[in-house]
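Data from target.cif: mmCIF, C-alpha atoms
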data_upload
loop_
_atom_site.label_atom_id
_atom_site.label_comp_id
_atom_site.auth_asym_id
_atom_site.auth_seq_id
_atom_site.Cartn_x
_atom_site.Cartn_y
_atom_site.Cartn_z
CA MET A 133 0.00 0.00 0.00
CA ASP A 134 1.37 3.42 -0.97
CA PRO A 135 1.77 5.68 2.11
CA ASN A 136 1.47 8.76 -0.13
CA ALA A 137 -1.99 7.60 -1.20
CA LEU A 138 -3.11 7.70 2.44
CA VAL A 139 -1.76 11.23 2.83
CA ASP A 140 -3.57 12.34 -0.33
CA GLU A 141 -6.84 10.76 0.84
CA LYS A 142 -6.46 12.40 4.24
CA SER A 143 -5.73 15.85 2.79
CA GLU A 144 -8.77 15.61 0.53
CA SER A 145 -11.05 14.99 3.51
CA ARG A 146 -9.36 17.55 5.78
CA LEU A 147 -10.70 21.10 5.80
CA TYR A 148 -8.98 24.34 6.75
CA ILE A 149 -11.37 26.74 8.49
CA GLY A 150 -10.12 30.30 8.73
CA ASN A 151 -11.26 33.78 9.73
CA LEU A 152 -12.70 32.38 12.93
CA ASP A 153 -13.88 34.89 15.50
CA LEU A 154 -11.93 34.44 18.73
CA LYS A 155 -15.21 33.78 20.59
CA ILE A 156 -15.86 30.58 18.64
CA THR A 157 -15.05 27.48 20.69
CA GLU A 158 -14.01 24.01 19.61
CA ALA A 159 -17.44 22.69 20.56
CA ALA A 160 -19.20 25.38 18.52
CA LEU A 161 -17.00 24.61 15.52
CA ILE A 162 -17.79 20.89 15.69
CA LYS A 163 -21.48 21.68 16.08
CA MET A 164 -21.39 23.91 12.96
CA PHE A 165 -19.71 21.26 10.79
CA SER A 166 -21.20 18.00 12.11
CA PRO A 167 -24.39 18.17 9.97
CA TYR A 168 -22.26 17.55 6.87
CA GLY A 169 -20.68 14.27 7.90
CA LYS A 170 -18.75 12.27 10.47
CA ILE A 171 -15.92 14.33 11.96
CA VAL A 172 -13.00 12.03 12.77
CA ALA A 173 -10.50 14.66 13.97
CA GLU A 174 -10.40 18.33 14.83
CA ASP A 175 -7.37 20.58 15.36
CA PHE A 176 -8.20 23.91 16.92
CA LEU A 177 -5.04 26.00 16.94
CA TRP A 178 -3.95 28.08 19.93
CA HIS A 179 -1.07 30.48 20.51
CA THR A 180 1.55 28.52 22.45
CA ARG A 181 3.87 31.38 23.41
CA GLY A 182 4.08 35.11 23.59
CA PRO A 183 1.56 37.62 24.89
CA LYS A 184 -1.36 35.80 23.23
CA ARG A 185 -0.48 32.42 24.77
CA GLY A 186 -3.63 30.36 25.34
CA GLU A 187 -5.76 32.41 22.95
CA PRO A 188 -7.21 30.94 19.74
CA ARG A 189 -5.22 31.61 16.56
CA GLY A 190 -8.33 32.13 14.43
CA PHE A 191 -8.18 28.96 12.37
CA ALA A 192 -8.68 25.22 12.71
CA PHE A 193 -8.69 21.98 10.77
CA ILE A 194 -11.49 19.43 10.63
CA GLN A 195 -11.04 15.91 9.28
CA PHE A 196 -14.13 14.21 7.85
CA SER A 197 -14.40 10.47 7.29
CA THR A 198 -14.73 10.91 3.49
CA LYS A 199 -13.70 13.48 0.93
CA GLU A 200 -17.33 13.78 -0.22
CA GLU A 201 -18.39 14.92 3.26
CA ALA A 202 -15.52 17.41 3.33
CA ARG A 203 -16.47 18.82 -0.07
CA LEU A 204 -20.10 19.17 0.98
CA ALA A 205 -19.09 20.99 4.17
CA LYS A 206 -16.77 23.24 2.18
CA GLU A 207 -19.53 24.06 -0.30
CA LYS A 208 -22.11 24.80 2.38
CA MET A 209 -19.91 26.61 4.92
CA HIS A 210 -17.49 28.73 2.85
CA GLY A 211 -18.52 32.38 3.20
CA ARG A 212 -21.15 31.63 5.84
CA LEU A 213 -21.21 34.17 8.67
CA ALA A 214 -20.14 33.03 12.12
CA CYS A 215 -20.13 35.74 14.82
CA GLY A 216 -20.39 38.31 12.04
CA ARG A 217 -17.35 37.06 10.10
CA PRO A 218 -17.43 35.11 6.82
CA LEU A 219 -15.78 31.71 7.25
CA VAL A 220 -12.99 30.70 4.90
CA VAL A 221 -13.36 26.97 4.26
CA ARG A 222 -11.03 25.10 1.94
CA LEU A 223 -9.54 21.68 1.57
CA ALA A 224 -6.34 21.68 3.63
CA SER A 225 -4.30 21.04 0.49
CA GLU A 226 -5.90 24.08 -1.20
CA LYS A 227 -4.89 26.28 1.72
CA TYR A 228 -1.23 25.53 1.09
CA LEU A 229 -1.58 26.21 -2.61
CA GLU A 230 -3.34 29.50 -1.98
CA GLU A 231 -0.60 30.70 0.37
CA THR A 232 2.00 29.79 -2.22
CA THR A 233 0.20 31.74 -4.93
CA GLN A 234 -0.48 34.75 -2.66
CA ASN A 235 3.17 34.96 -1.66
CA SER A 236 4.21 34.86 -5.29
CA SER A 237 1.44 36.74 -7.04
CA LYS A 238 3.95 38.50 -9.30
CA ALA A 239 5.40 35.21 -10.49
CA VAL A 240 1.98 33.70 -11.03
CA GLY A 241 0.89 36.74 -13.04
CA ASP A 242 4.03 36.56 -15.14
CA ALA A 243 3.66 32.82 -15.58
CA ASN A 244 0.05 33.20 -16.68
CA LYS A 245 1.05 35.83 -19.25
CA ILE A 246 3.54 33.50 -20.88
CA GLY A 247 1.44 30.38 -20.41
CA VAL A 248 3.70 28.60 -17.93
CA ILE A 249 0.86 27.38 -15.78
CA GLY A 250 -1.17 24.61 -17.34
CA SER A 251 -4.64 23.44 -16.46
CA GLY A 252 -3.43 21.71 -13.28
CA GLY A 253 -6.21 23.09 -11.13
CA GLY A 254 -4.22 26.11 -9.93
CA GLN A 255 -1.06 24.20 -9.16
CA MET A 256 2.15 25.87 -10.27
CA ASN A 257 4.73 23.92 -12.20
CA ARG A 258 8.37 23.87 -11.15
CA SER A 259 9.42 26.83 -13.33
CA ALA A 260 6.67 29.03 -11.91
CA LYS A 261 7.60 28.03 -8.36
CA ILE A 262 11.25 28.88 -9.01
CA ALA A 263 10.23 32.22 -10.51
CA ALA A 264 8.06 32.91 -7.46
CA ILE A 265 10.93 32.19 -5.09
CA LYS A 266 13.31 34.40 -7.12
CA ASN A 267 10.79 37.26 -7.08
CA LYS A 268 10.31 36.89 -3.35
CA LEU A 269 14.08 36.95 -2.76
CA LYS A 270 14.43 40.02 -4.98
CA ALA A 271 11.66 41.80 -3.06
CA LEU A 272 13.32 40.94 0.26
CA GLU A 273 16.67 42.23 -1.02
CA GLU A 274 15.05 45.48 -2.19
CA GLU A 275 13.39 45.91 1.23
CA SER A 276 16.72 45.30 2.94
CA CYS A 277 18.52 47.71 0.65
CA SER A 278 15.93 50.46 1.17
CA ALA A 279 16.15 49.97 4.94
CA LYS A 280 19.95 50.35 4.72
CA LYS A 281 19.60 53.52 2.65
CA GLN A 282 17.16 54.91 5.20
CA LYS A 283 19.66 54.23 8.01
CA GLN A 284 22.37 55.98 6.00
CA ALA A 285 20.17 59.00 5.58
CA GLU A 286 19.71 59.06 9.35
CA GLY A 287 23.47 59.18 9.83
CA THR A 288 24.33 55.52 10.32
CA SER A 289 26.31 53.96 7.53
CA CYS A 290 25.96 50.28 6.63
CA ASN A 291 28.61 49.89 3.92
CA SER A 292 30.29 53.26 3.81
CA SER A 293 33.49 51.82 2.39
CA LEU A 294 31.59 50.55 -0.63
CA ASP A 295 29.21 53.46 -1.04
CA HIS A 296 31.76 56.26 -0.58
CA PRO A 297 35.44 55.43 -0.98
CA PRO A 298 37.58 57.05 1.69
CA SER A 299 39.10 60.32 0.52
CA LYS A 300 42.88 60.42 0.28
CA ARG A 301 44.44 63.60 1.55
#
Full structure transcribed into structure tokens:
Amino acid sequence: MDPNALVDEKSESRLYIGNLDLKITEAALIKMFSPYGKIVAEDFLWHTRGPKRGEPRGFAFIQFSTKEEARLAKEKMHGRLACGRPLVVRLASEKYLEETTQNSSKAVGDANKIGVIGSGGGQMNRSAKIAAIKNKLKALEEESCSAKKQKQAEGTSCNSSLDHPPSKR
């Protein structure tokens, strides 16, 4: 039996639930999702350190017994208001893909323009992922460089020997 097949099956029946109001409890979450199928596991995430330790993190995962139940729950619950906030409900595997595409929106846009991304259901191919990582690194370098320039303007030099060669008198 292929262990990767079990992981795929599990991820297809596992939902990410985000944008949870901090007043929503684990019990309330289970009660909201139980009409759509048998819940076999639930992971309600809490802050484990820092000033918010012990407070909910605003998202959770629910594992249904089948992927059909998970898809039904996703369809019925996504966008539904809970404590005045629209729930974000996705398959757990979709959550990862969305974060990847949000963090590399430039690369995805560029890849779409040149047709790098196929009809893989939103999944990026290797070239698009590499382009996304390169764009992210470039953006981080630009942020770092602009922060250094700002410090220089305030009187602290970061690489004065490179920026302004010492004058010889």
Write out as an mmCIF file with C-alpha atoms, in the frame of the given file which residues come within 8 Å of Glu144 of chain A when counting all atoms listed in the file, dropping same-chain ones fewer than 6 positions away.
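File produced: selection-v2.cif:
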data_model
loop_
_atom_site.group_PDB
_atom_site.id
_atom_site.type_symbol
_atom_site.label_atom_id
_atom_site.label_comp_id
_atom_site.auth_asym_id
_atom_site.auth_seq_id
_atom_site.Cartn_x
_atom_site.Cartn_y
_atom_site.Cartn_z
ATOM 1 C CA LYS A 199 -13.700 13.480 0.930
ATOM 2 C CA ALA A 202 -15.520 17.410 3.330
ATOM 3 C CA LEU A 223 -9.540 21.680 1.570
ATOM 4 C CA ALA A 224 -6.340 21.680 3.630
ATOM 5 C CA SER A 225 -4.300 21.040 0.490
#
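Nearest residue to Gly190 of chain A, choosing from A:Gly150, A:Gly211, A:Pro218, A:Gly169 and counting only C-alpha atoms: A:Gly150.
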Checklist entry - What gap, in Å, lies between atom CA of Ala264 of chain A and atom CA of Ser143 of chain A? => result 24.2 Å
Checklist entry - Nearest to Ile194 of chain A: which of A:Ser145, A:Thr157, A:Asn151, A:Thr180 is it, counting all atoms listed in the file? => result A:Ser145
Checklist entry - In Å, how far is it from atom CA of Phe193 of chain A to atom CA of Met164 of chain A? => result 13.0 Å
Item to check | atom CA of His179 of chain A to atom CA of Leu161 of chain A, straight-line distance in Å | outcome: 17.7 Å
Checklist entry - Which residue, A:Asn257, A:Glu226, A:Ile265, A:Leu154, has the smallest gap to Gly186 of chain A when you use all atoms listed in the file? => result A:Leu154
Item to check | Given the PyMOL selection byres ((chain A and resi 175) around 8), the residues it picks as a ChimeraX atom specification | outcome: /A:173-174,176-177,192-194
I'd like the contact shell of Val220 of chain A - 12 Å cut-off, all atoms listed in the file, skipping same-chain residues fewer than 6 positions apart - returned as a PDB file with C-alpha atoms, in the coordinates of the input.
ATOM      1  CA  LEU A 147     -10.700  21.100   5.800  1.00  0.00           C
ATOM      2  CA  TYR A 148      -8.980  24.340   6.750  1.00  0.00           C
ATOM      3  CA  ILE A 149     -11.370  26.740   8.490  1.00  0.00           C
ATOM      4  CA  GLY A 150     -10.120  30.300   8.730  1.00  0.00           C
ATOM      5  CA  ASN A 151     -11.260  33.780   9.730  1.00  0.00           C
ATOM      6  CA  LEU A 152     -12.700  32.380  12.930  1.00  0.00           C
ATOM      7  CA  ASP A 153     -13.880  34.890  15.500  1.00  0.00           C
ATOM      8  CA  GLY A 190      -8.330  32.130  14.430  1.00  0.00           C
ATOM      9  CA  PHE A 191      -8.180  28.960  12.370  1.00  0.00           C
ATOM     10  CA  ALA A 192      -8.680  25.220  12.710  1.00  0.00           C
ATOM     11  CA  PHE A 193      -8.690  21.980  10.770  1.00  0.00           C
ATOM     12  CA  ALA A 205     -19.090  20.990   4.170  1.00  0.00           C
ATOM     13  CA  LYS A 206     -16.770  23.240   2.180  1.00  0.00           C
ATOM     14  CA  GLU A 207     -19.530  24.060  -0.300  1.00  0.00           C
ATOM     15  CA  LYS A 208     -22.110  24.800   2.380  1.00  0.00           C
ATOM     16  CA  MET A 209     -19.910  26.610   4.920  1.00  0.00           C
ATOM     17  CA  HIS A 210     -17.490  28.730   2.850  1.00  0.00           C
ATOM     18  CA  GLY A 211     -18.520  32.380   3.200  1.00  0.00           C
ATOM     19  CA  ARG A 212     -21.150  31.630   5.840  1.00  0.00           C
ATOM     20  CA  LEU A 213     -21.210  34.170   8.670  1.00  0.00           C
ATOM     21  CA  ALA A 214     -20.140  33.030  12.120  1.00  0.00           C
ATOM     22  CA  GLU A 226      -5.900  24.080  -1.200  1.00  0.00           C
ATOM     23  CA  LYS A 227      -4.890  26.280   1.720  1.00  0.00           C
ATOM     24  CA  GLU A 230      -3.340  29.500  -1.980  1.00  0.00           C
TER      25      GLU A 230
END
Checklist entry - Counting all atoms listed in the file, which of A:Ser259, A:Lys270, A:Gln195, A:Glu275 gets nearest to Phe165 of chain A? => result A:Gln195
Checklist entry - Evaluating the PyMOL selection byres ((chain A and resi 170) around 6) on the displayed file yields which residues, as a count of residues only? => result 4
